[in-house]
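**Student:** Just one file: protein30.csv, with CSV, C-alpha atoms.
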chain,number,residue,atom,x,y,z
Q,91,MET,CA,84.3,159.6,91.5
Q,92,THR,CA,83.6,162.9,93.0
Q,93,THR,CA,84.4,163.8,96.6
Q,94,LYS,CA,80.7,164.0,97.3
Q,95,THR,CA,80.1,160.5,96.0
Q,96,VAL,CA,82.9,159.0,98.1
Q,97,GLY,CA,81.5,160.8,101.2
Q,98,ILE,CA,78.0,159.4,100.6
Q,99,LEU,CA,79.4,155.9,100.1
Q,100,ALA,CA,81.5,156.1,103.2
Q,101,THR,CA,78.4,157.3,105.2
Q,102,LEU,CA,76.3,154.4,103.9
Q,103,SER,CA,79.0,151.8,104.8
Q,104,PHE,CA,79.0,153.1,108.4
Q,105,LEU,CA,75.2,152.7,108.5
Q,106,VAL,CA,75.0,149.3,106.9
Q,107,LEU,CA,78.0,147.5,108.3
Q,108,PRO,CA,76.9,147.6,112.0
Q,109,GLY,CA,73.5,146.2,111.0
Q,110,ILE,CA,75.2,143.3,109.3
Q,111,ALA,CA,77.5,142.7,112.3
Q,112,MET,CA,74.5,142.6,114.6
Q,113,ALA,CA,72.5,140.1,112.5
Q,114,GLY,CA,73.5,137.1,114.7
Q,115,GLN,CA,74.7,133.6,114.0
Q,116,LEU,CA,72.2,131.1,112.5
Q,117,ALA,CA,71.2,128.2,114.7
Q,118,TYR,CA,68.2,125.9,114.8
Q,119,ALA,CA,65.8,124.8,117.5
Q,120,THR,CA,66.3,121.1,118.4
Q,121,HIS,CA,62.9,120.7,120.0
Q,122,ASN,CA,59.8,122.9,120.6
Q,123,VAL,CA,61.2,125.3,123.2
Q,124,ASN,CA,60.1,128.4,125.0
Q,125,VAL,CA,61.7,131.7,124.0
Q,126,ARG,CA,61.8,133.7,127.3
Q,127,ALA,CA,62.0,137.3,128.4
Q,128,GLY,CA,65.2,136.7,130.3
Q,129,PRO,CA,67.9,134.0,130.9
Q,130,GLY,CA,66.0,131.6,133.1
Q,131,VAL,CA,62.9,129.5,133.3
Q,132,ASP,CA,61.2,131.8,135.7
Q,133,TYR,CA,60.9,134.6,133.1
Q,134,PRO,CA,57.7,135.0,131.0
Q,135,VAL,CA,57.4,133.2,127.7
Q,136,VAL,CA,57.7,135.4,124.6
Q,137,ASP,CA,57.0,132.7,122.0
Q,138,ILE,CA,57.5,129.1,121.3
Q,139,ALA,CA,60.1,128.1,118.7
Q,140,ARG,CA,59.3,124.8,116.9
Q,141,ALA,CA,61.8,122.1,116.3
Q,142,GLY,CA,63.9,122.9,113.2
Q,143,GLU,CA,63.1,126.6,113.0
Q,144,GLU,CA,65.8,129.2,112.4
Q,145,ILE,CA,67.1,131.0,115.5
Q,146,TYR,CA,69.6,133.9,115.3
Q,147,VAL,CA,72.0,134.0,118.2
Q,148,TYR,CA,73.3,137.4,119.2
Q,149,GLY,CA,75.4,136.2,122.1
Q,150,CYS,CA,75.4,134.0,125.2
Q,151,LEU,CA,76.1,134.4,128.9
Q,152,SER,CA,79.6,133.5,130.0
Q,153,GLN,CA,78.7,129.8,130.8
Q,154,ARG,CA,76.9,129.6,127.4
Q,155,ALA,CA,73.8,128.1,129.0
Q,156,TRP,CA,71.5,130.9,128.0
Q,157,CYS,CA,71.6,132.9,124.7
Q,158,ASP,CA,70.0,136.1,123.5
Q,159,VAL,CA,68.2,135.2,120.3
Q,160,ASP,CA,65.9,136.5,117.6
Q,161,PHE,CA,63.1,134.2,116.7
Q,162,ASP,CA,60.6,135.2,114.0
Q,163,GLY,CA,61.4,138.9,114.6
Q,164,LEU,CA,61.1,138.6,118.4
Q,165,ARG,CA,64.0,139.0,120.8
Q,166,GLY,CA,64.3,136.7,123.8
Q,167,TRP,CA,66.4,134.1,125.6
Q,168,MET,CA,66.8,130.4,125.0
Q,169,SER,CA,68.6,127.7,126.8
Q,170,SER,CA,71.6,126.6,124.6
Q,171,ASN,CA,70.6,123.0,125.3
Q,172,TYR,CA,67.9,123.4,122.6
Q,173,LEU,CA,70.1,125.1,120.0
Q,174,ALA,CA,72.0,123.4,117.2
Q,175,PHE,CA,74.7,124.7,115.0
Q,176,PHE,CA,76.0,123.1,111.8
Q,177,GLU,CA,79.6,123.4,110.7
Q,178,ARG,CA,81.2,121.4,107.8
Q,179,GLY,CA,78.4,118.9,107.8
Q,180,ARG,CA,78.6,118.2,111.6
Q,181,ARG,CA,75.8,119.1,114.1
Q,182,TYR,CA,76.8,120.6,117.4
Q,183,VAL,CA,74.2,121.1,120.3
Q,184,GLY,CA,74.1,123.1,123.5
Q,185,PRO,CA,77.0,125.1,125.0
Q,186,ASP,CA,79.4,123.2,122.6
Q,187,ALA,CA,77.5,124.6,119.7
Q,188,MET,CA,77.7,128.1,121.0
Q,189,TYR,CA,81.5,127.8,121.4
Q,190,ARG,CA,81.8,126.4,117.9
Q,191,MET,CA,79.8,129.2,116.4
Q,192,ARG,CA,81.9,131.7,118.4
Q,193,ALA,CA,78.8,133.4,119.9
Q,194,PRO,CA,80.0,136.5,121.8
Q,195,VAL,CA,79.9,136.5,125.6
Q,196,ILE,CA,77.3,139.1,126.6
Q,197,THR,CA,75.6,140.2,129.8
Q,198,PHE,CA,71.9,140.6,130.7
Q,199,HIS,CA,70.8,144.0,132.0
Q,200,PHE,CA,67.2,143.6,132.9
Q,201,GLY,CA,66.0,147.2,132.7
Q,202,ASP,CA,67.7,148.0,129.4
Q,203,TYR,CA,66.7,144.8,127.7
Q,204,TRP,CA,63.1,144.9,128.8
Q,205,ASP,CA,62.7,148.6,127.9
Q,206,ARG,CA,64.0,147.9,124.4
Q,207,HIS,CA,62.1,144.8,123.6
Q,208,TYR,CA,59.0,144.3,125.8
Q,209,ARG,CA,57.3,147.7,126.4
Q,210,ARG,CA,54.3,146.6,124.3
Q,211,ARG,CA,53.9,143.1,125.9
Q,212,ASP,CA,51.3,142.4,128.6
Q,213,PHE,CA,53.9,141.1,131.1
Q,214,TYR,CA,55.8,144.4,130.9
Q,215,ARG,CA,53.2,146.1,133.3
Q,216,ASP,CA,54.4,143.6,135.9
Q,217,ARG,CA,58.0,144.6,135.3
Q,218,HIS,CA,58.8,145.4,138.9
Q,219,ARG,CA,57.8,141.8,139.9
Q,220,TRP,CA,60.3,140.3,137.5
Q,221,GLU,CA,63.0,142.8,138.2
Q,222,TYR,CA,62.6,142.4,141.9
Q,223,ARG,CA,62.8,138.6,141.6
Q,224,ARG,CA,66.1,138.9,139.8
Q,225,ASP,CA,67.9,141.6,141.8
Q,226,ARG,CA,67.4,140.6,145.4
Q,227,PRO,CA,68.1,137.3,147.1
Q,228,PRO,CA,65.3,135.8,149.2
Q,229,VAL,CA,65.2,136.5,152.9
Q,230,TYR,CA,64.3,133.6,155.3
Q,231,ASP,CA,62.8,134.3,158.7
Q,232,ARG,CA,63.4,130.8,160.0
Q,233,ARG,CA,66.6,129.4,161.4
Q,234,PRO,CA,68.2,126.9,159.1
Q,235,SER,CA,68.5,123.3,160.3
Q,236,GLU,CA,71.7,122.0,161.8
Q,237,GLN,CA,72.6,120.1,158.6
Q,238,THR,CA,72.3,123.1,156.3
Q,239,ARG,CA,74.3,125.5,158.4
Q,240,ARG,CA,78.0,126.1,157.8
Q,241,PRO,CA,80.3,124.9,160.6
Q,242,SER,CA,81.0,128.5,161.7
Q,243,GLU,CA,77.2,129.0,162.2
Q,244,GLN,CA,76.7,125.8,164.2
Q,245,THR,CA,78.7,127.0,167.2
Q,246,ARG,CA,77.3,130.6,167.1
Q,247,GLN,CA,75.0,131.4,170.0
Q,248,PRO,CA,72.0,133.7,169.2
Q,249,ASP,CA,71.7,136.9,171.0
Q,250,SER,CA,69.0,136.5,173.6
Q,251,ARG,CA,68.0,140.2,173.4
Q,252,SER,CA,66.8,140.2,169.8
Q,253,PRO,CA,65.1,137.7,167.5
Q,254,GLU,CA,67.3,135.9,165.1
Q,255,ARG,CA,66.8,136.7,161.3
Q,256,TRP,CA,68.7,134.6,158.8
Q,257,GLU,CA,69.5,135.7,155.3
Q,258,ARG,CA,70.8,133.5,152.6
What is this file in C-alpha cells?
**Tutor:**
Amino acid sequence: MTTKTVGILATLSFLVLPGIAMAGQLAYATHNVNVRAGPGVDYPVVDIARAGEEIYVYGCLSQRAWCDVDFDGLRGWMSSNYLAFFERGRRYVGPDAMYRMRAPVITFHFGDYWDRHYRRRDFYRDRHRWEYRRDRPPVYDRRPSEQTRRPSEQTRQPDSRSPERWER
C-alpha cells in the first residue's frame, strides 16, 4: 500500500469509528410510552414509542431513571422503567437494565440539547417556558404551616418592619 492509501484509510477510520461508538445500545419499549424533550414528565412529548419497538439508548442520568434515547430517528428522553434489555436470554427492565447494558452516565444541558434536536419543533418557540421551569425553584409568597417548617424556622420571629417572603 502506498503512503497516500494508508493516510486515506486512517482518515476514514477516524470519521467512521466515532459514529459507531455513538450509535447507542439497543433496548425495547415495554409499554406504549412517551418519548419526551427532557428527563421528566413535565417536558413536551416528542413521540410515542409502542410496546416492543426498538429504542437506542445513548446514556442515562446518574440514578438511571431517565435515559437519552433515539426512537425512530428522533432524539428524546424516556423513563428507564419502560425500557427492557436482553442479555444471554434474560430480560432486564428499568434502572437494572441500564446498569446491565452499561449505559453511560450522562448529564442533561437544556440549551445545548434543545438547540441540537428541537429547533424545528412547534414547542421550541416556547423554549423559555421550559427552560425557566427547569432552572429556577418556585418562590412561595405564603408562610409555610407549622408542620412543614424545619425546627429552626419554628422558633424564628418575623421582622415586624417588613413582610415575610418564603422561598423553598
**Student:** From the list Q:Tyr146, Q:Trp167, Q:Trp156, Q:Tyr118, which residue is nearest Q:His207 when using only C-alpha atoms?
**Tutor:**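 Ranked by minimum distance to Q:His207, first place goes to Q:Trp167.
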**Student:** Just how far from atom CA of Q:Asp205 is atom CA of Q:Ala193, in Å to one decimal?
**Tutor:**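 Going from atom CA of Q:Ala193 over to atom CA of Q:Asp205 covers 23.5 Å.
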**Student:** Could you tell me how far atom CA of Q:Ser169 sits from atom CA of Q:Ser152, in Å to one decimal place?
**Tutor:**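 Between these atoms lies a distance of 12.8 Å.
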**Student:** When you count all atoms listed in the file, which of these residues is closest to Q:Thr120: Q:Gly142, Q:Gly201, Q:Gly166, Q:Pro194?
**Tutor:** Q:Gly142
**Student:** For atom CA of Q:Val125 and atom CA of Q:Glu221, determine how far apart the two atoms are, in Å to one decimal place.
**Tutor:** 18.1 Å
**Student:** Pick from Q:Arg217, Q:His121, Q:Arg126, Q:Arg154: nearest to Q:Phe200, with only C-alpha atoms counted?
**Tutor:**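 Using only C-alpha atoms, Q:Phe200 sits closest to Q:Arg217.
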**Student:** Which residue out of Q:Val195, Q:Val147, Q:Val183, Q:Leu116 has the minimum interatomic distance to Q:Met168 when only C-alpha atoms are used?
**Tutor:** Q:Val147
**Student:** Hey, what's within 12 Å of Q:Arg211 if we count only C-alpha atoms and toss same-chain stuff fewer than 6 positions away? As a PyMOL selection string, please?
**Tutor:** chain Q and resi 127+134-137+164+204-205+217
**Student:** Between Q:Trp220, Q:Asn171, Q:Asp202, Q:Gly163, which one has atoms that come closest to Q:Val123, using all atoms listed in the file?
**Tutor:**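 Of Q:Trp220, Q:Asn171, Q:Asp202, Q:Gly163, the one nearest Q:Val123, counting all atoms listed in the file, is Q:Asn171.
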**Student:** Restricting the calculation to only C-alpha atoms, which member of Q:Gly130, Q:Ala174, Q:Gly149, Q:Arg140 is positioned closest to Q:Ala117?
**Tutor:** Q:Ala174
